[in-house]
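Chemist: So I've got this file, model12.cif, and it contains mmCIF, C-alpha atoms:
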```cif
data_input
loop_
_atom_site.group_PDB
_atom_site.id
_atom_site.type_symbol
_atom_site.label_atom_id
_atom_site.label_comp_id
_atom_site.auth_asym_id
_atom_site.auth_seq_id
_atom_site.Cartn_x
_atom_site.Cartn_y
_atom_site.Cartn_z
ATOM 1 C CA MET A 1 12.971 18.623 -0.589
ATOM 2 C CA TYR A 2 11.186 19.206 2.726
ATOM 3 C CA LYS A 3 10.009 15.587 3.013
ATOM 4 C CA TYR A 4 13.429 14.267 1.990
ATOM 5 C CA LYS A 5 15.170 16.335 4.695
ATOM 6 C CA LYS A 6 12.651 15.347 7.381
ATOM 7 C CA ILE A 7 12.941 11.633 6.626
ATOM 8 C CA LYS A 8 16.718 11.813 6.429
ATOM 9 C CA ASN A 9 16.852 13.616 9.802
ATOM 10 C CA LEU A 10 14.539 11.010 11.336
ATOM 11 C CA ILE A 11 16.717 8.153 10.096
ATOM 12 C CA ASN A 12 19.941 9.859 11.174
ATOM 13 C CA SER A 13 18.431 10.444 14.628
ATOM 14 C CA ASN A 14 17.549 6.750 14.928
ATOM 15 C CA PRO A 15 20.479 4.847 13.421
ATOM 16 C CA SER A 16 19.562 1.518 15.032
ATOM 17 C CA GLU A 17 15.950 1.600 13.804
ATOM 18 C CA SER A 18 14.484 0.371 10.531
ATOM 19 C CA PHE A 19 11.696 2.091 8.623
ATOM 20 C CA ILE A 20 8.814 1.448 6.259
ATOM 21 C CA LEU A 21 8.002 4.334 3.919
ATOM 22 C CA ILE A 22 4.364 4.837 2.885
ATOM 23 C CA GLY A 23 3.244 7.497 0.432
ATOM 24 C CA ASP A 24 1.340 8.030 -2.787
ATOM 25 C CA ASP A 25 2.039 8.605 -6.454
ATOM 26 C CA THR A 26 0.680 12.165 -6.713
ATOM 27 C CA GLU A 27 3.995 13.989 -6.524
ATOM 28 C CA ASN A 28 7.489 13.020 -5.450
ATOM 29 C CA ASP A 29 7.109 10.278 -2.840
ATOM 30 C CA PRO A 30 8.376 7.447 -5.072
ATOM 31 C CA SER A 31 11.538 9.278 -6.163
ATOM 32 C CA ILE A 32 12.220 10.661 -2.671
ATOM 33 C CA TYR A 33 11.755 7.239 -1.096
ATOM 34 C CA LEU A 34 13.999 5.545 -3.644
ATOM 35 C CA GLN A 35 16.723 8.114 -2.937
ATOM 36 C CA ILE A 36 16.350 7.534 0.816
ATOM 37 C CA LYS A 37 16.531 3.754 0.241
ATOM 38 C CA LYS A 38 19.705 4.249 -1.794
ATOM 39 C CA GLU A 39 21.283 6.303 1.016
ATOM 40 C CA PHE A 40 20.046 4.066 3.848
ATOM 41 C CA PRO A 41 19.720 0.564 2.324
ATOM 42 C CA ASN A 42 19.975 -1.219 5.670
ATOM 43 C CA GLN A 43 17.351 0.914 7.410
ATOM 44 C CA ILE A 44 14.550 1.014 4.825
ATOM 45 C CA GLU A 45 12.617 -2.250 5.003
ATOM 46 C CA SER A 46 9.905 -1.519 2.424
ATOM 47 C CA ILE A 47 8.397 1.224 0.297
ATOM 48 C CA TYR A 48 4.621 1.297 -0.261
ATOM 49 C CA ILE A 49 2.914 3.720 -2.646
ATOM 50 C CA ARG A 50 -0.882 4.191 -2.746
ATOM 51 C CA ALA A 51 -2.236 4.345 -6.275
ATOM 52 C CA ILE A 52 -3.775 7.787 -6.680
ATOM 53 C CA LYS A 53 -2.795 8.340 -10.309
ATOM 54 C CA ASN A 54 -1.994 4.641 -10.764
ATOM 55 C CA LEU A 55 1.459 5.324 -12.173
ATOM 56 C CA GLN A 56 3.829 2.461 -12.941
ATOM 57 C CA GLN A 57 6.347 1.953 -10.123
ATOM 58 C CA PRO A 58 9.804 0.369 -10.011
ATOM 59 C CA GLU A 59 9.976 -3.205 -8.769
ATOM 60 C CA SER A 60 11.418 -2.087 -5.419
ATOM 61 C CA ILE A 61 8.170 -0.226 -4.645
ATOM 62 C CA THR A 62 4.967 -2.021 -3.707
ATOM 63 C CA LYS A 63 1.905 -0.280 -5.147
ATOM 64 C CA PHE A 64 -1.302 -0.666 -3.151
ATOM 65 C CA PHE A 65 -4.997 0.224 -3.263
ATOM 66 C CA THR A 66 -5.917 -0.728 0.330
ATOM 67 C CA ALA A 67 -4.225 -1.179 3.683
ATOM 68 C CA PHE A 68 -4.784 -4.936 3.369
ATOM 69 C CA GLU A 69 -2.220 -5.214 0.586
ATOM 70 C CA VAL A 70 0.351 -3.561 2.854
ATOM 71 C CA ALA A 71 -0.608 -5.850 5.736
ATOM 72 C CA ALA A 72 -0.422 -8.964 3.534
ATOM 73 C CA LYS A 73 3.046 -8.005 2.331
ATOM 74 C CA GLU A 74 4.156 -7.251 5.893
ATOM 75 C CA PHE A 75 2.815 -10.663 6.960
ATOM 76 C CA GLU A 76 4.711 -12.298 4.107
ATOM 77 C CA LEU A 77 7.883 -10.527 5.290
ATOM 78 C CA GLY A 78 7.306 -11.652 8.896
ATOM 79 C CA ARG A 79 6.557 -8.227 10.353
ATOM 80 C CA MET A 80 2.837 -8.830 11.007
ATOM 81 C CA SER A 81 1.050 -11.894 12.296
ATOM 82 C CA LEU A 82 -1.530 -13.807 10.310
ATOM 83 C CA GLN A 83 -4.114 -12.918 12.954
ATOM 84 C CA GLN A 84 -3.401 -9.159 12.622
ATOM 85 C CA THR A 85 -3.549 -9.372 8.832
ATOM 86 C CA LEU A 86 -6.802 -11.333 8.684
ATOM 87 C CA SER A 87 -8.366 -9.118 11.358
ATOM 88 C CA LEU A 88 -7.646 -6.041 9.246
ATOM 89 C CA GLY A 89 -9.042 -7.802 6.181
ATOM 90 C CA LYS A 90 -12.231 -8.688 8.043
ATOM 91 C CA ASP A 91 -12.636 -5.086 9.220
ATOM 92 C CA LEU A 92 -12.185 -3.813 5.663
ATOM 93 C CA LEU A 93 -14.676 -6.331 4.293
ATOM 94 C CA LEU A 94 -17.260 -5.171 6.840
ATOM 95 C CA LEU A 95 -16.868 -1.488 5.968
ATOM 96 C CA LYS A 96 -20.103 0.051 4.757
ATOM 97 C CA GLU A 97 -18.550 3.336 3.599
ATOM 98 C CA MET A 98 -16.405 2.408 0.633
ATOM 99 C CA LYS A 99 -14.631 5.767 0.602
ATOM 100 C CA LEU A 100 -12.899 4.549 3.766
ATOM 101 C CA LEU A 101 -11.514 1.640 1.746
ATOM 102 C CA ILE A 102 -10.864 3.490 -1.522
ATOM 103 C CA PRO A 103 -10.793 7.264 -0.912
ATOM 104 C CA GLN A 104 -12.561 9.405 -3.524
ATOM 105 C CA PHE A 105 -9.266 10.960 -4.604
ATOM 106 C CA ALA A 106 -7.604 7.570 -5.128
ATOM 107 C CA TYR A 107 -7.506 5.518 -8.292
ATOM 108 C CA CYS A 108 -10.326 2.975 -8.466
ATOM 109 C CA PRO A 109 -9.158 -0.282 -10.125
ATOM 110 C CA LYS A 110 -11.306 -1.505 -12.988
ATOM 111 C CA SER A 111 -10.056 -5.059 -13.502
ATOM 112 C CA GLU A 112 -8.520 -7.991 -11.618
ATOM 113 C CA ASP A 113 -5.182 -7.652 -13.384
ATOM 114 C CA GLU A 114 -4.583 -4.208 -11.877
ATOM 115 C CA PHE A 115 -4.095 -5.718 -8.421
ATOM 116 C CA THR A 116 -0.641 -6.746 -7.283
ATOM 117 C CA GLU A 117 -0.304 -10.449 -6.572
ATOM 118 C CA ILE A 118 1.252 -9.978 -3.143
ATOM 119 C CA ALA A 119 -1.109 -11.890 -0.906
ATOM 120 C CA PRO A 120 0.344 -15.045 0.661
ATOM 121 C CA LEU A 121 -1.828 -18.136 0.217
ATOM 122 C CA SER A 122 -3.043 -17.979 3.840
ATOM 123 C CA THR A 123 -4.562 -14.528 3.167
ATOM 124 C CA TRP A 124 -5.816 -15.207 -0.354
ATOM 125 C CA THR A 125 -9.496 -15.776 0.505
ATOM 126 C CA VAL A 126 -9.773 -12.398 2.242
ATOM 127 C CA TYR A 127 -7.746 -10.654 -0.471
ATOM 128 C CA LYS A 128 -9.949 -12.134 -3.201
ATOM 129 C CA ALA A 129 -13.123 -11.034 -1.373
ATOM 130 C CA LEU A 130 -11.723 -7.515 -0.981
ATOM 131 C CA ARG A 131 -10.832 -7.367 -4.662
ATOM 132 C CA ILE A 132 -14.384 -8.373 -5.617
ATOM 133 C CA LYS A 133 -15.820 -5.738 -3.270
ATOM 134 C CA ILE A 134 -13.525 -3.059 -4.691
ATOM 135 C CA LEU A 135 -14.195 -3.950 -8.325
ATOM 136 C CA LYS A 136 -17.951 -3.881 -7.731
ATOM 137 C CA TYR A 137 -17.681 -0.452 -6.073
ATOM 138 C CA CYS A 138 -15.379 0.909 -8.776
ATOM 139 C CA SER A 139 -17.665 -0.278 -11.566
ATOM 140 C CA ILE A 140 -20.497 1.689 -9.943
ATOM 141 C CA GLN A 141 -18.218 4.748 -9.623
ATOM 142 C CA ILE A 142 -17.379 4.578 -13.329
ATOM 143 C CA LYS A 143 -21.069 4.506 -14.259
ATOM 144 C CA GLN A 144 -21.707 7.551 -12.065
ATOM 145 C CA ASP A 145 -18.871 9.602 -13.619
#
```
Let's see the structure in the file written out as structure tokens.
Modeler:
Amino acid sequence: MYKYKKIKNLINSNPSESFILIGDDTENDPSIYLQIKKEFPNQIESIYIRAIKNLQQPESITKFFTAFEVAAKEFELGRMSLQQTLSLGKDLLLLKEMKLLIPQFAYCPKSEDEFTEIAPLSTWTVYKALRIKILKYCSIQIKQD
């Protein structure tokens, strides 16, 4: 209820602004965000939920594993440039510490079909490389568990 009230107050205080809601699937973010979207349909642009438990989400919510998936979707929607999106992808590909890409507490995807097909064609090469990097890391994590 606290998060719901805070977001609602923020939106009411900024009636001419639009918002993107980003959360995770550990508790109530998806249901709170859907309620906010229902109450403020013209102000909520997108809802993104990080897969921590990897729960199924309604179609109006975009599930993500990394920030690149959010950036690719925002590029597709015209709210980020291709240069910004690819720059983020490059930075993520160069990360040495994988826990910065996939935090230890987050769900680690185990197969290609777990990824959302959201990447526009112009970002596909970077997205594919990130997916390979993540799957390799996650397969090692599984063996260590």
Chemist: Taking all atoms listed in the file into account, which of A:Gly89, A:Pro58, A:Pro109, A:Pro103 comes nearest Val126 of chain A?
Modeler: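 The closest residue to Val126 of chain A is A:Gly89.
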Chemist: Counting only C-alpha atoms, figure out which residue out of A:Lys90, A:Lys5, A:Lys63, A:Lys53 gets nearest to Phe105 of chain A.
Modeler: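 When distances to Phe105 of chain A are compared using only C-alpha atoms, the smallest one comes from A:Lys53.
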Chemist: Please tell me which residues are no farther than 10 Å from (-2.5, -6.6, -7.7) in the file, counting all atoms listed in the file, and write them as a PyMOL selection string.
Modeler: chain A and resi 62-65+69+109+111-119+127+131
Chemist: Interatomic distance between atom CA of Met98 of chain A and atom CA of Leu130 of chain A?
Modeler: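 Atom CA of Leu130 of chain A lies at a distance of 11.1 Å from atom CA of Met98 of chain A.
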Chemist: In file coordinates, which residues lie within 9 Å of (7.5, 10.6, 0.2) using all atoms listed in the file, given as a PyMOL selection string?
Modeler: chain A and resi 3-4+7+21-25+27-33+49
Chemist: Excluding same-chain residues fewer than 4 positions from Glu17 of chain A, what lies within 10 Å of it counting all atoms listed in the file, as a ChimeraX atom specification?
Modeler: /A:10-13,42-44
Chemist: Given the file shown, determine the residues that the PyMOL selection byres ((chain A and resi 45) around 12) selects; report them as JSON, numbers by chain.
Modeler: {"A": [17, 18, 19, 20, 21, 22, 33, 34, 36, 37, 38, 40, 41, 42, 43, 44, 46, 47, 48, 60, 61, 62, 73, 74, 77, 78, 79]}
Chemist: Have a look at atom CA of Leu94 of chain A and atom CA of Ala67 of chain A and let me know their distance in Å, one decimal.
Modeler: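 Here the two named atoms are 14.0 Å from each other.
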Chemist: Calculated over only C-alpha atoms, which of the candidates A:Ile52, A:Glu76, A:Tyr2, A:Tyr137 has the smallest distance to Trp124 of chain A?
Modeler: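 Residue with the minimum atom-to-atom distance to Trp124 of chain A: A:Glu76.
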